[in-house]
$ cat upload-v3.pdb   # PDB, N, CA and C atoms, pLDDT in the B column
ATOM      1  N   ASP A 151      19.231 -48.993 -31.699  1.00 52.00           N
ATOM      2  CA  ASP A 151      17.781 -48.915 -31.707  1.00 52.00           C
ATOM      3  C   ASP A 151      17.201 -50.250 -32.164  1.00 52.00           C
ATOM      4  N   VAL A 152      16.071 -50.618 -31.569  1.00 53.00           N
ATOM      5  CA  VAL A 152      15.407 -51.858 -31.950  1.00 53.00           C
ATOM      6  C   VAL A 152      13.938 -51.581 -32.221  1.00 53.00           C
ATOM      7  N   TYR A 153      13.316 -52.490 -32.941  1.00 59.00           N
ATOM      8  CA  TYR A 153      11.878 -52.433 -33.147  1.00 59.00           C
ATOM      9  C   TYR A 153      11.318 -53.837 -33.067  1.00 59.00           C
ATOM     10  N   LYS A 154       9.994 -53.937 -33.001  1.00 63.00           N
ATOM     11  CA  LYS A 154       9.337 -55.234 -32.873  1.00 63.00           C
ATOM     12  C   LYS A 154       9.011 -55.790 -34.246  1.00 63.00           C
ATOM     13  N   ARG A 155       9.065 -57.126 -34.358  1.00 65.00           N
ATOM     14  CA  ARG A 155       8.654 -57.791 -35.588  1.00 65.00           C
ATOM     15  C   ARG A 155       7.848 -59.019 -35.212  1.00 65.00           C
ATOM     16  N   GLN A 156       6.738 -59.208 -35.891  1.00 66.00           N
ATOM     17  CA  GLN A 156       5.899 -60.383 -35.695  1.00 66.00           C
ATOM     18  C   GLN A 156       6.462 -61.464 -36.604  1.00 66.00           C
ATOM     19  N   THR A 157       6.896 -62.588 -36.042  1.00 68.00           N
ATOM     20  CA  THR A 157       7.607 -63.603 -36.825  1.00 68.00           C
ATOM     21  C   THR A 157       6.709 -64.425 -37.732  1.00 68.00           C
ATOM     22  N   LEU A 158       5.394 -64.483 -37.472  1.00 71.00           N
ATOM     23  CA  LEU A 158       4.506 -65.255 -38.339  1.00 71.00           C
ATOM     24  C   LEU A 158       4.136 -64.498 -39.607  1.00 71.00           C
ATOM     25  N   CYS A 159       3.693 -63.242 -39.478  1.00 77.00           N
ATOM     26  CA  CYS A 159       3.216 -62.502 -40.644  1.00 77.00           C
ATOM     27  C   CYS A 159       4.210 -61.442 -41.122  1.00 77.00           C
ATOM     28  N   GLY A 160       5.235 -61.130 -40.334  1.00 72.00           N
ATOM     29  CA  GLY A 160       6.244 -60.159 -40.737  1.00 72.00           C
ATOM     30  C   GLY A 160       5.904 -58.710 -40.402  1.00 72.00           C
ATOM     31  N   ASN A 161       4.811 -58.463 -39.704  1.00 74.00           N
ATOM     32  CA  ASN A 161       4.411 -57.108 -39.336  1.00 74.00           C
ATOM     33  C   ASN A 161       5.535 -56.398 -38.588  1.00 74.00           C
ATOM     34  N   LEU A 162       5.815 -55.152 -38.978  1.00 73.00           N
ATOM     35  CA  LEU A 162       6.827 -54.343 -38.295  1.00 73.00           C
ATOM     36  C   LEU A 162       6.248 -53.085 -37.661  1.00 73.00           C
ATOM     37  N   THR A 163       4.989 -52.769 -37.940  1.00 75.00           N
ATOM     38  CA  THR A 163       4.511 -51.432 -37.599  1.00 75.00           C
ATOM     39  C   THR A 163       3.229 -51.352 -36.796  1.00 75.00           C
ATOM     40  N   ARG A 164       2.448 -52.407 -36.649  1.00 82.00           N
ATOM     41  CA  ARG A 164       1.140 -52.297 -36.009  1.00 82.00           C
ATOM     42  C   ARG A 164       0.992 -53.307 -34.876  1.00 82.00           C
ATOM     43  N   PHE A 165       1.026 -52.788 -33.614  1.00 84.00           N
ATOM     44  CA  PHE A 165       0.913 -53.645 -32.445  1.00 84.00           C
ATOM     45  C   PHE A 165       0.019 -52.982 -31.407  1.00 84.00           C
ATOM     46  N   ASP A 166      -0.713 -53.787 -30.643  1.00 87.00           N
ATOM     47  CA  ASP A 166      -1.410 -53.319 -29.456  1.00 87.00           C
ATOM     48  C   ASP A 166      -0.512 -53.642 -28.282  1.00 87.00           C
ATOM     49  N   VAL A 167      -0.091 -52.622 -27.547  1.00 86.00           N
ATOM     50  CA  VAL A 167       0.797 -52.795 -26.411  1.00 86.00           C
ATOM     51  C   VAL A 167       0.015 -52.470 -25.143  1.00 86.00           C
ATOM     52  N   THR A 168      -0.077 -53.453 -24.236  1.00 89.00           N
ATOM     53  CA  THR A 168      -0.720 -53.244 -22.940  1.00 89.00           C
ATOM     54  C   THR A 168       0.378 -53.034 -21.922  1.00 89.00           C
ATOM     55  N   ARG A 169       0.315 -51.893 -21.231  1.00 90.00           N
ATOM     56  CA  ARG A 169       1.357 -51.576 -20.260  1.00 90.00           C
ATOM     57  C   ARG A 169       0.736 -51.072 -18.968  1.00 90.00           C
ATOM     58  N   ALA A 170       1.414 -51.354 -17.873  1.00 95.00           N
ATOM     59  CA  ALA A 170       1.025 -50.834 -16.561  1.00 95.00           C
ATOM     60  C   ALA A 170       1.995 -49.710 -16.231  1.00 95.00           C
ATOM     61  N   THR A 171       1.457 -48.533 -15.936  1.00 95.00           N
ATOM     62  CA  THR A 171       2.284 -47.361 -15.680  1.00 95.00           C
ATOM     63  C   THR A 171       1.948 -46.764 -14.327  1.00 95.00           C
ATOM     64  N   LYS A 172       2.988 -46.448 -13.569  1.00 97.00           N
ATOM     65  CA  LYS A 172       2.821 -45.699 -12.325  1.00 97.00           C
ATOM     66  C   LYS A 172       3.429 -44.322 -12.586  1.00 97.00           C
ATOM     67  N   ALA A 173       2.618 -43.269 -12.350  1.00 97.00           N
ATOM     68  CA  ALA A 173       3.078 -41.923 -12.657  1.00 97.00           C
ATOM     69  C   ALA A 173       2.674 -40.964 -11.544  1.00 97.00           C
ATOM     70  N   VAL A 174       3.412 -39.857 -11.487  1.00 98.00           N
ATOM     71  CA  VAL A 174       3.101 -38.775 -10.566  1.00 98.00           C
ATOM     72  C   VAL A 174       2.763 -37.557 -11.420  1.00 98.00           C
ATOM     73  N   ASP A 175       1.565 -36.987 -11.201  1.00 97.00           N
ATOM     74  CA  ASP A 175       1.150 -35.788 -11.920  1.00 97.00           C
ATOM     75  C   ASP A 175       1.088 -34.615 -10.955  1.00 97.00           C
ATOM     76  N   TYR A 176       1.576 -33.452 -11.399  1.00 97.00           N
ATOM     77  CA  TYR A 176       1.397 -32.208 -10.670  1.00 97.00           C
ATOM     78  C   TYR A 176       0.188 -31.540 -11.292  1.00 97.00           C
ATOM     79  N   VAL A 177      -0.900 -31.449 -10.532  1.00 97.00           N
ATOM     80  CA  VAL A 177      -2.164 -30.939 -11.048  1.00 97.00           C
ATOM     81  C   VAL A 177      -2.431 -29.566 -10.448  1.00 97.00           C
ATOM     82  N   HIS A 178      -2.750 -28.618 -11.327  1.00 97.00           N
ATOM     83  CA  HIS A 178      -3.124 -27.273 -10.901  1.00 97.00           C
ATOM     84  C   HIS A 178      -4.628 -27.107 -11.118  1.00 97.00           C
ATOM     85  N   LEU A 179      -5.328 -26.710 -10.066  1.00 96.00           N
ATOM     86  CA  LEU A 179      -6.757 -26.426 -10.179  1.00 96.00           C
ATOM     87  C   LEU A 179      -6.932 -24.917 -10.285  1.00 96.00           C
ATOM     88  N   ASP A 180      -7.645 -24.459 -11.345  1.00 95.00           N
ATOM     89  CA  ASP A 180      -7.902 -23.023 -11.427  1.00 95.00           C
ATOM     90  C   ASP A 180      -9.025 -22.649 -10.464  1.00 95.00           C
ATOM     91  N   LEU A 181      -9.367 -21.371 -10.393  1.00 95.00           N
ATOM     92  CA  LEU A 181     -10.359 -20.907  -9.426  1.00 95.00           C
ATOM     93  C   LEU A 181     -11.742 -21.503  -9.664  1.00 95.00           C
ATOM     94  N   ALA A 182     -12.004 -21.953 -10.885  1.00 94.00           N
ATOM     95  CA  ALA A 182     -13.278 -22.609 -11.196  1.00 94.00           C
ATOM     96  C   ALA A 182     -13.240 -24.096 -10.874  1.00 94.00           C
ATOM     97  N   GLY A 183     -12.060 -24.596 -10.467  1.00 94.00           N
ATOM     98  CA  GLY A 183     -11.939 -26.009 -10.128  1.00 94.00           C
ATOM     99  C   GLY A 183     -11.546 -26.903 -11.286  1.00 94.00           C
ATOM    100  N   GLU A 184     -11.199 -26.294 -12.444  1.00 96.00           N
ATOM    101  CA  GLU A 184     -10.784 -27.087 -13.613  1.00 96.00           C
ATOM    102  C   GLU A 184      -9.325 -27.515 -13.470  1.00 96.00           C
ATOM    103  N   PRO A 185      -9.058 -28.828 -13.575  1.00 96.00           N
ATOM    104  CA  PRO A 185      -7.674 -29.299 -13.414  1.00 96.00           C
ATOM    105  C   PRO A 185      -6.864 -29.186 -14.701  1.00 96.00           C
ATOM    106  N   THR A 186      -5.577 -28.887 -14.529  1.00 97.00           N
ATOM    107  CA  THR A 186      -4.606 -28.907 -15.614  1.00 97.00           C
ATOM    108  C   THR A 186      -3.378 -29.649 -15.112  1.00 97.00           C
ATOM    109  N   VAL A 187      -2.932 -30.668 -15.850  1.00 97.00           N
ATOM    110  CA  VAL A 187      -1.713 -31.390 -15.484  1.00 97.00           C
ATOM    111  C   VAL A 187      -0.535 -30.569 -15.995  1.00 97.00           C
ATOM    112  N   GLU A 188       0.272 -30.059 -15.067  1.00 97.00           N
ATOM    113  CA  GLU A 188       1.415 -29.228 -15.440  1.00 97.00           C
ATOM    114  C   GLU A 188       2.713 -30.023 -15.541  1.00 97.00           C
ATOM    115  N   GLU A 189       2.814 -31.121 -14.809  1.00 97.00           N
ATOM    116  CA  GLU A 189       3.990 -31.997 -14.895  1.00 97.00           C
ATOM    117  C   GLU A 189       3.520 -33.439 -14.818  1.00 97.00           C
ATOM    118  N   HIS A 190       4.166 -34.298 -15.592  1.00 97.00           N
ATOM    119  CA  HIS A 190       3.838 -35.724 -15.605  1.00 97.00           C
ATOM    120  C   HIS A 190       5.155 -36.499 -15.579  1.00 97.00           C
ATOM    121  N   GLU A 191       5.365 -37.289 -14.532  1.00 97.00           N
ATOM    122  CA  GLU A 191       6.590 -38.081 -14.398  1.00 97.00           C
ATOM    123  C   GLU A 191       6.224 -39.550 -14.300  1.00 97.00           C
ATOM    124  N   VAL A 192       6.740 -40.355 -15.221  1.00 96.00           N
ATOM    125  CA  VAL A 192       6.538 -41.799 -15.174  1.00 96.00           C
ATOM    126  C   VAL A 192       7.549 -42.374 -14.187  1.00 96.00           C
ATOM    127  N   VAL A 193       7.040 -43.012 -13.128  1.00 97.00           N
ATOM    128  CA  VAL A 193       7.884 -43.593 -12.094  1.00 97.00           C
ATOM    129  C   VAL A 193       8.322 -44.994 -12.494  1.00 97.00           C
ATOM    130  N   SER A 194       7.392 -45.777 -13.031  1.00 96.00           N
ATOM    131  CA  SER A 194       7.721 -47.119 -13.512  1.00 96.00           C
ATOM    132  C   SER A 194       6.726 -47.507 -14.596  1.00 96.00           C
ATOM    133  N   GLU A 195       7.170 -48.393 -15.456  1.00 92.00           N
ATOM    134  CA  GLU A 195       6.317 -48.869 -16.546  1.00 92.00           C
ATOM    135  C   GLU A 195       6.694 -50.307 -16.874  1.00 92.00           C
ATOM    136  N   THR A 196       5.682 -51.155 -17.002  1.00 91.00           N
ATOM    137  CA  THR A 196       5.890 -52.555 -17.330  1.00 91.00           C
ATOM    138  C   THR A 196       5.036 -52.901 -18.540  1.00 91.00           C
ATOM    139  N   ILE A 197       5.651 -53.474 -19.563  1.00 86.00           N
ATOM    140  CA  ILE A 197       4.883 -53.948 -20.712  1.00 86.00           C
ATOM    141  C   ILE A 197       4.323 -55.305 -20.349  1.00 86.00           C
ATOM    142  N   GLU A 198       2.991 -55.414 -20.376  1.00 87.00           N
ATOM    143  CA  GLU A 198       2.320 -56.658 -19.995  1.00 87.00           C
ATOM    144  C   GLU A 198       2.103 -57.574 -21.186  1.00 87.00           C
ATOM    145  N   SER A 199       1.796 -57.010 -22.345  1.00 85.00           N
ATOM    146  CA  SER A 199       1.617 -57.846 -23.534  1.00 85.00           C
ATOM    147  C   SER A 199       1.768 -57.006 -24.793  1.00 85.00           C
ATOM    148  N   VAL A 200       2.145 -57.685 -25.884  1.00 85.00           N
ATOM    149  CA  VAL A 200       2.231 -57.076 -27.205  1.00 85.00           C
ATOM    150  C   VAL A 200       1.505 -58.019 -28.156  1.00 85.00           C
ATOM    151  N   ARG A 201       0.512 -57.475 -28.877  1.00 86.00           N
ATOM    152  CA  ARG A 201      -0.295 -58.294 -29.790  1.00 86.00           C
ATOM    153  C   ARG A 201      -0.248 -57.691 -31.179  1.00 86.00           C
ATOM    154  N   CYS A 202      -0.031 -58.531 -32.183  1.00 85.00           N
ATOM    155  CA  CYS A 202       0.033 -58.095 -33.575  1.00 85.00           C
ATOM    156  C   CYS A 202      -1.350 -57.680 -34.070  1.00 85.00           C
ATOM    157  N   ARG A 203      -1.452 -56.529 -34.701  1.00 85.00           N
ATOM    158  CA  ARG A 203      -2.709 -56.054 -35.252  1.00 85.00           C
ATOM    159  C   ARG A 203      -3.093 -56.808 -36.525  1.00 85.00           C
ATOM    160  N   TRP A 204      -2.124 -57.384 -37.232  1.00 83.00           N
ATOM    161  CA  TRP A 204      -2.420 -58.050 -38.495  1.00 83.00           C
ATOM    162  C   TRP A 204      -2.931 -59.471 -38.292  1.00 83.00           C
ATOM    163  N   CYS A 205      -2.240 -60.258 -37.452  1.00 85.00           N
ATOM    164  CA  CYS A 205      -2.606 -61.677 -37.320  1.00 85.00           C
ATOM    165  C   CYS A 205      -3.077 -62.038 -35.918  1.00 85.00           C
ATOM    166  N   ASN A 206      -3.093 -61.066 -34.986  1.00 84.00           N
ATOM    167  CA  ASN A 206      -3.610 -61.240 -33.636  1.00 84.00           C
ATOM    168  C   ASN A 206      -2.736 -62.132 -32.741  1.00 84.00           C
ATOM    169  N   ALA A 207      -1.564 -62.520 -33.189  1.00 81.00           N
ATOM    170  CA  ALA A 207      -0.687 -63.362 -32.374  1.00 81.00           C
ATOM    171  C   ALA A 207      -0.005 -62.533 -31.299  1.00 81.00           C
ATOM    172  N   ALA A 208       0.207 -63.125 -30.136  1.00 79.00           N
ATOM    173  CA  ALA A 208       0.880 -62.437 -29.035  1.00 79.00           C
ATOM    174  C   ALA A 208       2.139 -63.164 -28.595  1.00 79.00           C
ATOM    175  N   ASP A 209       2.407 -64.333 -29.146  1.00 76.00           N
ATOM    176  CA  ASP A 209       3.535 -65.129 -28.660  1.00 76.00           C
ATOM    177  C   ASP A 209       4.659 -65.255 -29.684  1.00 76.00           C
ATOM    178  N   GLN A 210       4.609 -64.483 -30.761  1.00 74.00           N
ATOM    179  CA  GLN A 210       5.627 -64.595 -31.799  1.00 74.00           C
ATOM    180  C   GLN A 210       6.274 -63.237 -32.103  1.00 74.00           C
ATOM    181  N   ILE A 211       6.437 -62.402 -31.081  1.00 72.00           N
ATOM    182  CA  ILE A 211       7.027 -61.078 -31.255  1.00 72.00           C
ATOM    183  C   ILE A 211       8.500 -61.137 -30.889  1.00 72.00           C
ATOM    184  N   GLU A 212       9.359 -60.537 -31.737  1.00 72.00           N
ATOM    185  CA  GLU A 212      10.774 -60.480 -31.431  1.00 72.00           C
ATOM    186  C   GLU A 212      11.271 -59.063 -31.643  1.00 72.00           C
ATOM    187  N   LEU A 213      12.334 -58.696 -30.950  1.00 71.00           N
ATOM    188  CA  LEU A 213      12.980 -57.408 -31.129  1.00 71.00           C
ATOM    189  C   LEU A 213      14.114 -57.585 -32.120  1.00 71.00           C
ATOM    190  N   VAL A 214      14.192 -56.705 -33.108  1.00 67.00           N
ATOM    191  CA  VAL A 214      15.253 -56.760 -34.118  1.00 67.00           C
ATOM    192  C   VAL A 214      15.864 -55.367 -34.261  1.00 67.00           C
ATOM    193  N   GLY A 215      17.119 -55.325 -34.688  1.00 69.00           N
ATOM    194  CA  GLY A 215      17.801 -54.040 -34.855  1.00 69.00           C
ATOM    195  C   GLY A 215      17.265 -53.267 -36.043  1.00 69.00           C
ATOM    196  N   ARG A 216      17.277 -51.949 -35.918  1.00 66.00           N
ATOM    197  CA  ARG A 216      16.862 -51.087 -37.025  1.00 66.00           C
ATOM    198  C   ARG A 216      17.953 -51.065 -38.081  1.00 66.00           C
ATOM    199  N   PRO A 217      17.595 -51.109 -39.349  1.00 68.00           N
ATOM    200  CA  PRO A 217      18.601 -51.023 -40.406  1.00 68.00           C
ATOM    201  C   PRO A 217      19.360 -49.706 -40.300  1.00 68.00           C
ATOM    202  N   GLY A 218      20.674 -49.780 -40.371  1.00 67.00           N
ATOM    203  CA  GLY A 218      21.512 -48.592 -40.325  1.00 67.00           C
ATOM    204  C   GLY A 218      21.765 -48.027 -38.948  1.00 67.00           C
ATOM    205  N   ALA A 219      21.228 -48.660 -37.911  1.00 58.00           N
ATOM    206  CA  ALA A 219      21.441 -48.160 -36.548  1.00 58.00           C
ATOM    207  C   ALA A 219      22.827 -48.571 -36.085  1.00 58.00           C
ATOM    208  N   SER A 220      23.476 -47.690 -35.336  1.00 59.00           N
ATOM    209  CA  SER A 220      24.793 -48.040 -34.798  1.00 59.00           C
ATOM    210  C   SER A 220      24.634 -48.979 -33.618  1.00 59.00           C
ATOM    211  N   ALA A 221      25.597 -49.870 -33.438  1.00 50.00           N
ATOM    212  CA  ALA A 221      25.526 -50.875 -32.374  1.00 50.00           C
ATOM    213  C   ALA A 221      25.782 -50.317 -31.017  1.00 50.00           C
TER     214      ALA A 221
END
$ encode --input "upload-v3.pdb" --output "structure tokens"
Amino acid sequence: DVYKRQTLCGNLTRFDVTRATKAVDYVHLDLAGEPTVEEHEVVSETIESVRCRWCNAADQIELVGRPGASA
């Protein structure tokens, strides 16, 4: 397992992640026309940017291993 770390300020927990997602939803319309999503399948997802909430940097993010995680 890995997590993100901001190398300038050391933030480990607060990030704004912008992602592009393509998904297929199975939508059921009741007799009144109200939609309910009954199934949601993510077909593809791309992370476009990650920005630190503490220092606002977007170019100093690294992935690091979780303490105690098996390799």
$ residues_around --input "upload-v3.pdb" --residues "Glu198 in chain A" --least-positions-apart "6" --cutoff "12 Å" --atoms "only C-alpha atoms" --output "short mmCIF file (atom, residue, chain, number, x, y, z; two decimals) with N, CA and C atoms, keeping the file's coordinate frame"
data_model
loop_
_atom_site.label_atom_id
_atom_site.label_comp_id
_atom_site.auth_asym_id
_atom_site.auth_seq_id
_atom_site.Cartn_x
_atom_site.Cartn_y
_atom_site.Cartn_z
N ASP A 166 -0.71 -53.79 -30.64
CA ASP A 166 -1.41 -53.32 -29.46
C ASP A 166 -0.51 -53.64 -28.28
N VAL A 167 -0.09 -52.62 -27.55
CA VAL A 167 0.80 -52.80 -26.41
C VAL A 167 0.02 -52.47 -25.14
N THR A 168 -0.08 -53.45 -24.24
CA THR A 168 -0.72 -53.24 -22.94
C THR A 168 0.38 -53.03 -21.92
N ARG A 169 0.32 -51.89 -21.23
CA ARG A 169 1.36 -51.58 -20.26
C ARG A 169 0.74 -51.07 -18.97
N ALA A 170 1.41 -51.35 -17.87
CA ALA A 170 1.02 -50.83 -16.56
C ALA A 170 2.00 -49.71 -16.23
N THR A 171 1.46 -48.53 -15.94
CA THR A 171 2.28 -47.36 -15.68
C THR A 171 1.95 -46.76 -14.33
N ALA A 208 0.21 -63.12 -30.14
CA ALA A 208 0.88 -62.44 -29.04
C ALA A 208 2.14 -63.16 -28.60
#
$ resolve_selection --input "upload-v3.pdb" --expression "the PyMOL selection byres ((chain A and resi 202) around 8)" --output "PyMOL selection string"
chain A and resi 156+161+164-167+199-201+203-211
$ atom_distance --input "upload-v3.pdb" --atom1 "CA of Pro185 in chain A" --atom2 "CA of Ala173 in chain A"
16.6 Å
$ atom_distance --input "upload-v3.pdb" --atom1 "atom N of Tyr176 in chain A" --atom2 "CA of Glu191 in chain A"
7.5 Å
$ residues_near_point --input "upload-v3.pdb" --point "(5.5, -41.8, -10.9)" --cutoff "5 Å" --atoms "all atoms listed in the file" --output "JSON list (two decimals) with N, CA and C atoms, in the frame of the given file"
[["chain", "number", "residue", "atom", "x", "y", "z"],
["A", 172, "LYS", "N", 2.99, -46.45, -13.57],
["A", 172, "LYS", "CA", 2.82, -45.70, -12.32],
["A", 172, "LYS", "C", 3.43, -44.32, -12.59],
["A", 173, "ALA", "N", 2.62, -43.27, -12.35],
["A", 173, "ALA", "CA", 3.08, -41.92, -12.66],
["A", 173, "ALA", "C", 2.67, -40.96, -11.54],
["A", 174, "VAL", "N", 3.41, -39.86, -11.49],
["A", 174, "VAL", "CA", 3.10, -38.78, -10.57],
["A", 174, "VAL", "C", 2.76, -37.56, -11.42],
["A", 191, "GLU", "N", 5.36, -37.29, -14.53],
["A", 191, "GLU", "CA", 6.59, -38.08, -14.40],
["A", 191, "GLU", "C", 6.22, -39.55, -14.30],
["A", 192, "VAL", "N", 6.74, -40.35, -15.22],
["A", 192, "VAL", "CA", 6.54, -41.80, -15.17],
["A", 192, "VAL", "C", 7.55, -42.37, -14.19],
["A", 193, "VAL", "N", 7.04, -43.01, -13.13],
["A", 193, "VAL", "CA", 7.88, -43.59, -12.09],
["A", 193, "VAL", "C", 8.32, -44.99, -12.49],
["A", 194, "SER", "N", 7.39, -45.78, -13.03],
["A", 194, "SER", "CA", 7.72, -47.12, -13.51],
["A", 194, "SER", "C", 6.73, -47.51, -14.60]]
$ atom_distance --input "upload-v3.pdb" --atom1 "atom C of Glu195 in chain A" --atom2 "atom C of Val177 in chain A"
23.6 Å
$ select_by_dssp --input "upload-v3.pdb" --residues "range 157-219 of chain A" --states "strand (DSSP E)" --output "PyMOL selection string"
chain A and resi 165-179+185-202+211-215
$ build_atoms --input "upload-v3.pdb" --residues "range 171-189 of chain A" --atoms "N, CA, C and O atoms" --output "tab-separated table (two decimals), in the frame of the given file"
chain	number	residue	atom	x	y	z
A	171	THR	N	1.46	-48.53	-15.94
A	171	THR	CA	2.28	-47.36	-15.68
A	171	THR	C	1.95	-46.76	-14.33
A	171	THR	O	0.78	-46.61	-13.99
A	172	LYS	N	2.99	-46.45	-13.57
A	172	LYS	CA	2.82	-45.70	-12.32
A	172	LYS	C	3.43	-44.32	-12.59
A	172	LYS	O	4.58	-44.21	-13.02
A	173	ALA	N	2.62	-43.27	-12.35
A	173	ALA	CA	3.08	-41.92	-12.66
A	173	ALA	C	2.67	-40.96	-11.54
A	173	ALA	O	1.74	-41.22	-10.78
A	174	VAL	N	3.41	-39.86	-11.49
A	174	VAL	CA	3.10	-38.78	-10.57
A	174	VAL	C	2.76	-37.56	-11.42
A	174	VAL	O	3.55	-37.15	-12.29
A	175	ASP	N	1.56	-36.99	-11.20
A	175	ASP	CA	1.15	-35.79	-11.92
A	175	ASP	C	1.09	-34.62	-10.96
A	175	ASP	O	0.62	-34.75	-9.82
A	176	TYR	N	1.58	-33.45	-11.40
A	176	TYR	CA	1.40	-32.21	-10.67
A	176	TYR	C	0.19	-31.54	-11.29
A	176	TYR	O	0.21	-31.15	-12.46
A	177	VAL	N	-0.90	-31.45	-10.53
A	177	VAL	CA	-2.16	-30.94	-11.05
A	177	VAL	C	-2.43	-29.57	-10.45
A	177	VAL	O	-2.35	-29.37	-9.24
A	178	HIS	N	-2.75	-28.62	-11.33
A	178	HIS	CA	-3.12	-27.27	-10.90
A	178	HIS	C	-4.63	-27.11	-11.12
A	178	HIS	O	-5.13	-27.37	-12.20
A	179	LEU	N	-5.33	-26.71	-10.07
A	179	LEU	CA	-6.76	-26.43	-10.18
A	179	LEU	C	-6.93	-24.92	-10.28
A	179	LEU	O	-6.44	-24.17	-9.43
A	180	ASP	N	-7.64	-24.46	-11.34
A	180	ASP	CA	-7.90	-23.02	-11.43
A	180	ASP	C	-9.02	-22.65	-10.46
A	180	ASP	O	-9.57	-23.50	-9.75
A	181	LEU	N	-9.37	-21.37	-10.39
A	181	LEU	CA	-10.36	-20.91	-9.43
A	181	LEU	C	-11.74	-21.50	-9.66
A	181	LEU	O	-12.56	-21.58	-8.75
A	182	ALA	N	-12.00	-21.95	-10.88
A	182	ALA	CA	-13.28	-22.61	-11.20
A	182	ALA	C	-13.24	-24.10	-10.87
A	182	ALA	O	-14.23	-24.80	-11.01
A	183	GLY	N	-12.06	-24.60	-10.47
A	183	GLY	CA	-11.94	-26.01	-10.13
A	183	GLY	C	-11.55	-26.90	-11.29
A	183	GLY	O	-11.55	-28.12	-11.16
A	184	GLU	N	-11.20	-26.29	-12.44
A	184	GLU	CA	-10.78	-27.09	-13.61
A	184	GLU	C	-9.32	-27.52	-13.47
A	184	GLU	O	-8.44	-26.67	-13.28
A	185	PRO	N	-9.06	-28.83	-13.58
A	185	PRO	CA	-7.67	-29.30	-13.41
A	185	PRO	C	-6.86	-29.19	-14.70
A	185	PRO	O	-7.38	-29.34	-15.80
A	186	THR	N	-5.58	-28.89	-14.53
A	186	THR	CA	-4.61	-28.91	-15.61
A	186	THR	C	-3.38	-29.65	-15.11
A	186	THR	O	-2.84	-29.31	-14.05
A	187	VAL	N	-2.93	-30.67	-15.85
A	187	VAL	CA	-1.71	-31.39	-15.48
A	187	VAL	C	-0.54	-30.57	-16.00
A	187	VAL	O	-0.37	-30.38	-17.20
A	188	GLU	N	0.27	-30.06	-15.07
A	188	GLU	CA	1.42	-29.23	-15.44
A	188	GLU	C	2.71	-30.02	-15.54
A	188	GLU	O	3.62	-29.62	-16.27
A	189	GLU	N	2.81	-31.12	-14.81
A	189	GLU	CA	3.99	-32.00	-14.90
A	189	GLU	C	3.52	-33.44	-14.82
A	189	GLU	O	2.58	-33.75	-14.09
